[in-house]
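Enquirer: One structure, as structure tokens, below. Some questions next.
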Amino acid sequence: MVFRHEFTVEAPREKVAQFHRARHSLAAITPPPLIVQIQESPQVLSAGDEIRFTLWLGPFPIRWHAAIEAVSDEGFADRQISGPFDHWVHRHTFLASGEGHTTVRDEIEYVYRRHILWGLVGRLFVTGLHVLFAYRAWKTRRLLGKGVE
């Protein structure tokens, strides 16, 4: 299955790419009531890096381990090594769109786990992706520049 989301921010592509590759950004653009605790990650993500974090859904921890791939000024991907899905690849693409504007495109390929608990957790997580990415767009615009519709 595939989820897609796109928004535009008034900030240069290089600034947007640097922000999204920074360690602190994941927690900064995650909406409450979700809490992100990063256990292992470099300060700036590069190809071949790995990130380990726990996403707290209230009192329930979801541990996630991902590998960073295909890093460039135009974007990067994170591939789940272990976590709640059988398959999860999140592609972050940053496209220059006019003077000083960047379109941020997120595309996630995912496959639910064939497990009663993790299958349910994955489905609940996916139902909230629209809200999660709407918040990420809003927060990114607040942190980096004005939003553009």
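If you're wondering about the labels, chains in the structure tokens are A, B, ... by order shown, residues count from 1 in each chain, ligands from 1 in order shown.
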Would you list the contacts of Arg63 of chain A as a PyMOL selection string, taking every protein, DNA or RNA residue within 8 Å and counting only C-alpha atoms, but skipping same-chain residues closer than 3 positions in sequence?
Expert: chain A and resi 52-55+82-84
Enquirer: Excluding Gln18 of chain A and any residue of its chain fewer than 5 positions from it, enumerate the residues within 12 Å of it, using only C-alpha atoms, and give them as a PyMOL selection string.
Expert: chain A and resi 11-13+23-25+43-46+71-76+92+94+144
Enquirer: Write a file of the just-selected residues containing all heavy atoms, as a compact mmCIF listing (two decimals), in the first residue's frame.
Expert:
```
# COMPACT_ATOMS: atom_id res chain seq x y z
N ALA A 11 10.70 28.35 2.02
CA ALA A 11 12.08 28.17 2.48
C ALA A 11 12.84 27.49 1.35
O ALA A 11 12.27 26.68 0.61
CB ALA A 11 12.12 27.30 3.74
N PRO A 12 14.13 27.79 1.21
CA PRO A 12 14.92 27.16 0.14
C PRO A 12 15.08 25.66 0.36
O PRO A 12 15.10 25.18 1.50
CB PRO A 12 16.26 27.87 0.20
CG PRO A 12 16.26 28.69 1.43
CD PRO A 12 14.89 28.76 1.97
N ARG A 13 15.20 24.93 -0.73
CA ARG A 13 15.29 23.48 -0.68
C ARG A 13 16.42 22.99 0.24
O ARG A 13 16.24 22.04 1.00
CB ARG A 13 15.47 22.91 -2.08
CG ARG A 13 15.47 21.37 -2.08
CD ARG A 13 15.71 20.80 -3.42
NE ARG A 13 17.10 21.05 -3.79
CZ ARG A 13 17.59 20.89 -4.99
NH1 ARG A 13 16.80 20.50 -5.97
NH2 ARG A 13 18.84 21.12 -5.25
N ARG A 23 18.79 15.30 13.49
CA ARG A 23 18.31 14.40 14.55
C ARG A 23 17.09 14.95 15.28
O ARG A 23 16.14 14.24 15.55
CB ARG A 23 19.45 14.14 15.52
CG ARG A 23 19.04 13.33 16.74
CD ARG A 23 20.18 13.25 17.76
NE ARG A 23 19.72 12.61 18.96
CZ ARG A 23 20.18 11.46 19.41
NH1 ARG A 23 21.12 10.82 18.76
NH2 ARG A 23 19.72 10.94 20.53
N HIS A 24 17.13 16.23 15.63
CA HIS A 24 16.07 16.83 16.44
C HIS A 24 14.74 17.00 15.69
O HIS A 24 13.70 17.17 16.32
CB HIS A 24 16.52 18.19 16.98
CG HIS A 24 16.59 19.24 15.92
ND1 HIS A 24 17.70 19.40 15.11
CD2 HIS A 24 15.68 20.16 15.51
CE1 HIS A 24 17.46 20.38 14.25
NE2 HIS A 24 16.25 20.86 14.47
N SER A 25 14.77 16.93 14.38
CA SER A 25 13.56 17.24 13.60
C SER A 25 12.43 16.24 13.79
O SER A 25 11.26 16.63 13.79
CB SER A 25 13.91 17.35 12.12
OG SER A 25 14.78 18.44 11.93
N GLN A 43 23.78 13.18 14.54
CA GLN A 43 23.17 14.52 14.57
C GLN A 43 22.56 14.88 13.21
O GLN A 43 21.52 15.54 13.15
CB GLN A 43 24.19 15.58 14.98
CG GLN A 43 24.63 15.47 16.42
CD GLN A 43 23.46 15.61 17.40
OE1 GLN A 43 22.62 16.48 17.27
NE2 GLN A 43 23.41 14.73 18.38
N VAL A 44 23.21 14.44 12.13
CA VAL A 44 22.71 14.68 10.77
C VAL A 44 22.71 13.35 10.04
O VAL A 44 23.73 12.66 10.00
CB VAL A 44 23.59 15.70 10.02
CG1 VAL A 44 23.09 15.88 8.59
CG2 VAL A 44 23.62 17.04 10.75
N LEU A 45 21.56 12.97 9.48
CA LEU A 45 21.42 11.68 8.80
C LEU A 45 22.13 11.67 7.45
O LEU A 45 22.00 12.61 6.67
CB LEU A 45 19.95 11.36 8.60
CG LEU A 45 19.10 11.22 9.86
CD1 LEU A 45 17.63 11.07 9.51
CD2 LEU A 45 19.58 10.06 10.71
N SER A 46 22.86 10.60 7.20
CA SER A 46 23.55 10.39 5.93
C SER A 46 23.24 8.98 5.45
O SER A 46 22.79 8.13 6.24
CB SER A 46 25.06 10.53 6.10
OG SER A 46 25.39 11.83 6.52
N VAL A 71 20.53 9.44 0.10
CA VAL A 71 20.54 10.82 0.58
C VAL A 71 21.12 11.74 -0.49
O VAL A 71 22.18 11.47 -1.05
CB VAL A 71 21.35 10.93 1.89
CG1 VAL A 71 21.46 12.38 2.34
CG2 VAL A 71 20.73 10.07 2.97
N SER A 72 20.39 12.83 -0.76
CA SER A 72 20.86 13.87 -1.67
C SER A 72 20.16 15.17 -1.29
O SER A 72 19.31 15.18 -0.39
CB SER A 72 20.53 13.51 -3.12
OG SER A 72 19.15 13.64 -3.37
N ASP A 73 20.47 16.25 -1.99
CA ASP A 73 19.77 17.52 -1.74
C ASP A 73 18.28 17.41 -2.09
O ASP A 73 17.47 18.18 -1.60
CB ASP A 73 20.39 18.65 -2.56
CG ASP A 73 21.74 19.08 -2.02
OD1 ASP A 73 22.05 18.75 -0.85
OD2 ASP A 73 22.48 19.74 -2.76
N GLU A 74 17.94 16.43 -2.94
CA GLU A 74 16.55 16.26 -3.36
C GLU A 74 15.76 15.38 -2.40
O GLU A 74 14.55 15.25 -2.55
CB GLU A 74 16.48 15.67 -4.77
CG GLU A 74 16.93 16.62 -5.86
CD GLU A 74 18.45 16.68 -5.99
OE1 GLU A 74 19.12 15.66 -5.73
OE2 GLU A 74 18.96 17.76 -6.34
N GLY A 75 16.44 14.75 -1.41
CA GLY A 75 15.69 13.94 -0.46
C GLY A 75 16.46 12.76 0.07
O GLY A 75 17.68 12.65 -0.09
N PHE A 76 15.73 11.85 0.70
CA PHE A 76 16.31 10.63 1.25
C PHE A 76 15.17 9.67 1.56
O PHE A 76 14.00 10.02 1.46
CB PHE A 76 17.14 10.91 2.52
CG PHE A 76 16.36 11.40 3.70
CD1 PHE A 76 15.93 10.52 4.69
CD2 PHE A 76 16.05 12.75 3.84
CE1 PHE A 76 15.22 10.96 5.79
CE2 PHE A 76 15.34 13.21 4.93
CZ PHE A 76 14.92 12.30 5.92
N HIS A 92 11.34 10.85 1.38
CA HIS A 92 11.20 12.28 1.60
C HIS A 92 11.79 12.96 0.37
O HIS A 92 12.97 12.78 0.09
CB HIS A 92 11.99 12.74 2.82
CG HIS A 92 11.77 11.92 4.05
ND1 HIS A 92 11.03 12.38 5.11
CD2 HIS A 92 12.21 10.68 4.40
CE1 HIS A 92 11.03 11.46 6.07
NE2 HIS A 92 11.73 10.41 5.65
N PHE A 94 12.32 16.70 -1.72
CA PHE A 94 12.29 18.15 -1.59
C PHE A 94 12.51 18.75 -2.98
O PHE A 94 13.58 18.59 -3.57
CB PHE A 94 13.38 18.61 -0.62
CG PHE A 94 13.40 17.81 0.65
CD1 PHE A 94 14.50 17.02 0.97
CD2 PHE A 94 12.32 17.82 1.51
CE1 PHE A 94 14.52 16.27 2.13
CE2 PHE A 94 12.33 17.07 2.68
CZ PHE A 94 13.43 16.29 2.99
N LEU A 144 10.27 26.82 9.65
CA LEU A 144 11.15 27.19 8.54
C LEU A 144 10.68 28.39 7.72
O LEU A 144 11.48 29.01 7.04
CB LEU A 144 11.34 26.00 7.59
CG LEU A 144 12.06 24.79 8.16
CD1 LEU A 144 12.22 23.73 7.09
CD2 LEU A 144 13.40 25.17 8.75
```
Enquirer: Residues of segment 35-143 of chain A in strand (DSSP E) according to DSSP, as an MDAnalysis selection string?
Expert: chainID A and resid 35:40 50:57 60:72 75:82 85:96 102:112
Enquirer: From the options A:Leu117, A:Met1, A:Ala47, A:Ala27, which residue's atoms come nearest to Lys139 of chain A, counting only C-alpha atoms?
Expert: A:Ala27
Enquirer: For Arg105 of chain A, list every protein, DNA or RNA residue within 8 Å, evaluated using only C-alpha atoms, and leave out those in the same chain fewer than 5 positions away; present the list as a PyMOL selection string.
Expert: chain A and resi 4-7+91-95
Enquirer: Which one of A:Ile35, A:Phe3, A:Gly145, A:Pro42 sits closest to Glu107 of chain A if you count only C-alpha atoms?
Expert: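 Closest residue, counting only C-alpha atoms: A:Phe3.
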Enquirer: For a quick check of understanding, using only C-alpha atoms, which of A:Val9, A:Ile51, A:Ala77, A:Val2 has the smallest distance to Arg142 of chain A?
Expert: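 Result for the nearest residue to Arg142 of chain A: A:Val9.
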Enquirer: With distances taken over only C-alpha atoms, which residue among A:Trp88, A:Leu143, A:Glu14, A:Ala66 lies nearest Arg113 of chain A?
Expert: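 Smallest distance to Arg113 of chain A is found for A:Trp88.
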Enquirer: Residues at most 12 Å from Arg114 of chain A, counting only C-alpha atoms, excluding those fewer than 2 positions away in the same chain, as a ChimeraX atom specification?
Expert: /A:84-87,111-112,116-123
Enquirer: Just all heavy atoms for this one: save the residues we selected as a compact mmCIF listing (two decimals), in the first residue's frame.
Expert:
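Listing of selection04.txt after writing:
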```txt
# COMPACT_ATOMS: atom_id res chain seq x y z
N PRO A 84 6.80 -2.02 13.55
CA PRO A 84 5.44 -2.55 13.53
C PRO A 84 4.94 -3.06 12.17
O PRO A 84 3.86 -3.64 12.11
CB PRO A 84 4.60 -1.38 14.01
CG PRO A 84 5.37 -0.17 13.60
CD PRO A 84 6.81 -0.57 13.72
N PHE A 85 5.69 -2.88 11.09
CA PHE A 85 5.23 -3.27 9.76
C PHE A 85 6.12 -4.38 9.19
O PHE A 85 7.29 -4.49 9.55
CB PHE A 85 5.24 -2.07 8.81
CG PHE A 85 4.22 -1.03 9.17
CD1 PHE A 85 4.51 -0.03 10.09
CD2 PHE A 85 2.96 -1.05 8.60
CE1 PHE A 85 3.57 0.91 10.44
CE2 PHE A 85 2.01 -0.11 8.94
CZ PHE A 85 2.31 0.87 9.87
N ASP A 86 5.57 -5.14 8.26
CA ASP A 86 6.39 -6.10 7.52
C ASP A 86 7.32 -5.35 6.56
O ASP A 86 8.45 -5.77 6.33
CB ASP A 86 5.51 -7.06 6.70
CG ASP A 86 5.25 -8.36 7.42
OD1 ASP A 86 5.89 -8.62 8.45
OD2 ASP A 86 4.41 -9.13 6.94
N HIS A 87 6.84 -4.25 6.01
CA HIS A 87 7.61 -3.45 5.06
C HIS A 87 7.20 -1.99 5.23
O HIS A 87 6.01 -1.68 5.32
CB HIS A 87 7.30 -3.92 3.63
CG HIS A 87 7.89 -3.05 2.56
ND1 HIS A 87 9.21 -3.16 2.19
CD2 HIS A 87 7.35 -2.08 1.80
CE1 HIS A 87 9.45 -2.27 1.22
NE2 HIS A 87 8.33 -1.62 0.97
N VAL A 111 3.47 -2.46 4.24
CA VAL A 111 2.75 -3.72 4.25
C VAL A 111 2.51 -4.05 5.73
O VAL A 111 3.46 -4.04 6.53
CB VAL A 111 3.53 -4.85 3.57
CG1 VAL A 111 2.81 -6.19 3.70
CG2 VAL A 111 3.80 -4.52 2.10
N TYR A 112 1.27 -4.33 6.07
CA TYR A 112 0.94 -4.69 7.45
C TYR A 112 1.57 -6.03 7.81
O TYR A 112 1.71 -6.91 6.98
CB TYR A 112 -0.57 -4.81 7.64
CG TYR A 112 -1.32 -3.54 7.43
CD1 TYR A 112 -2.27 -3.42 6.42
CD2 TYR A 112 -1.11 -2.44 8.27
CE1 TYR A 112 -2.97 -2.25 6.23
CE2 TYR A 112 -1.81 -1.26 8.07
CZ TYR A 112 -2.75 -1.17 7.06
OH TYR A 112 -3.44 -0.01 6.87
N ILE A 116 -1.80 -10.60 14.86
CA ILE A 116 -3.02 -9.99 15.36
C ILE A 116 -2.77 -8.65 16.06
O ILE A 116 -3.44 -7.67 15.79
CB ILE A 116 -3.81 -10.97 16.26
CG1 ILE A 116 -5.19 -10.39 16.53
CG2 ILE A 116 -3.07 -11.27 17.54
CD1 ILE A 116 -6.21 -11.41 16.93
N LEU A 117 -1.75 -8.59 16.93
CA LEU A 117 -1.47 -7.34 17.63
C LEU A 117 -0.82 -6.31 16.72
O LEU A 117 -1.29 -5.18 16.59
CB LEU A 117 -0.56 -7.60 18.84
CG LEU A 117 -0.09 -6.34 19.57
CD1 LEU A 117 -1.28 -5.57 20.16
CD2 LEU A 117 0.92 -6.69 20.64
N TRP A 118 0.29 -6.70 16.03
CA TRP A 118 1.01 -5.74 15.19
C TRP A 118 0.20 -5.34 13.95
O TRP A 118 0.33 -4.22 13.47
CB TRP A 118 2.38 -6.27 14.82
CG TRP A 118 3.29 -6.24 16.01
CD1 TRP A 118 3.82 -7.31 16.65
CD2 TRP A 118 3.71 -5.07 16.72
NE1 TRP A 118 4.57 -6.88 17.72
CE2 TRP A 118 4.52 -5.52 17.79
CE3 TRP A 118 3.50 -3.71 16.57
CZ2 TRP A 118 5.12 -4.64 18.70
CZ3 TRP A 118 4.09 -2.84 17.47
CH2 TRP A 118 4.89 -3.30 18.52
N GLY A 119 -0.62 -6.25 13.45
CA GLY A 119 -1.51 -5.87 12.34
C GLY A 119 -2.47 -4.79 12.76
O GLY A 119 -2.71 -3.82 12.03
N LEU A 120 -3.03 -4.90 13.97
CA LEU A 120 -3.94 -3.89 14.50
C LEU A 120 -3.21 -2.57 14.75
O LEU A 120 -3.68 -1.50 14.38
CB LEU A 120 -4.60 -4.40 15.79
CG LEU A 120 -5.52 -3.40 16.50
CD1 LEU A 120 -6.69 -3.02 15.60
CD2 LEU A 120 -6.02 -4.01 17.81
N VAL A 121 -2.03 -2.65 15.37
CA VAL A 121 -1.24 -1.44 15.63
C VAL A 121 -0.92 -0.73 14.31
O VAL A 121 -1.05 0.49 14.19
CB VAL A 121 0.06 -1.78 16.40
CG1 VAL A 121 1.02 -0.60 16.42
CG2 VAL A 121 -0.27 -2.23 17.81
N GLY A 122 -0.50 -1.49 13.31
CA GLY A 122 -0.19 -0.89 12.00
C GLY A 122 -1.40 -0.22 11.38
O GLY A 122 -1.30 0.90 10.86
N ARG A 123 -2.56 -0.86 11.44
CA ARG A 123 -3.77 -0.26 10.87
C ARG A 123 -4.17 1.01 11.61
O ARG A 123 -4.56 2.00 10.99
CB ARG A 123 -4.90 -1.28 10.87
CG ARG A 123 -4.77 -2.28 9.75
CD ARG A 123 -5.74 -3.46 9.87
NE ARG A 123 -5.69 -4.32 8.71
CZ ARG A 123 -4.70 -5.17 8.42
NH1 ARG A 123 -3.66 -5.27 9.22
NH2 ARG A 123 -4.74 -5.93 7.34
```
Enquirer: For Ala137 of chain A, find every residue with an atom within 12 Å (counting only C-alpha atoms), except residues of its own chain fewer than 2 positions away, and show them as a PyMOL selection string.
Expert: chain A and resi 5-10+16+20+28-31+102-106+130-135+139-149
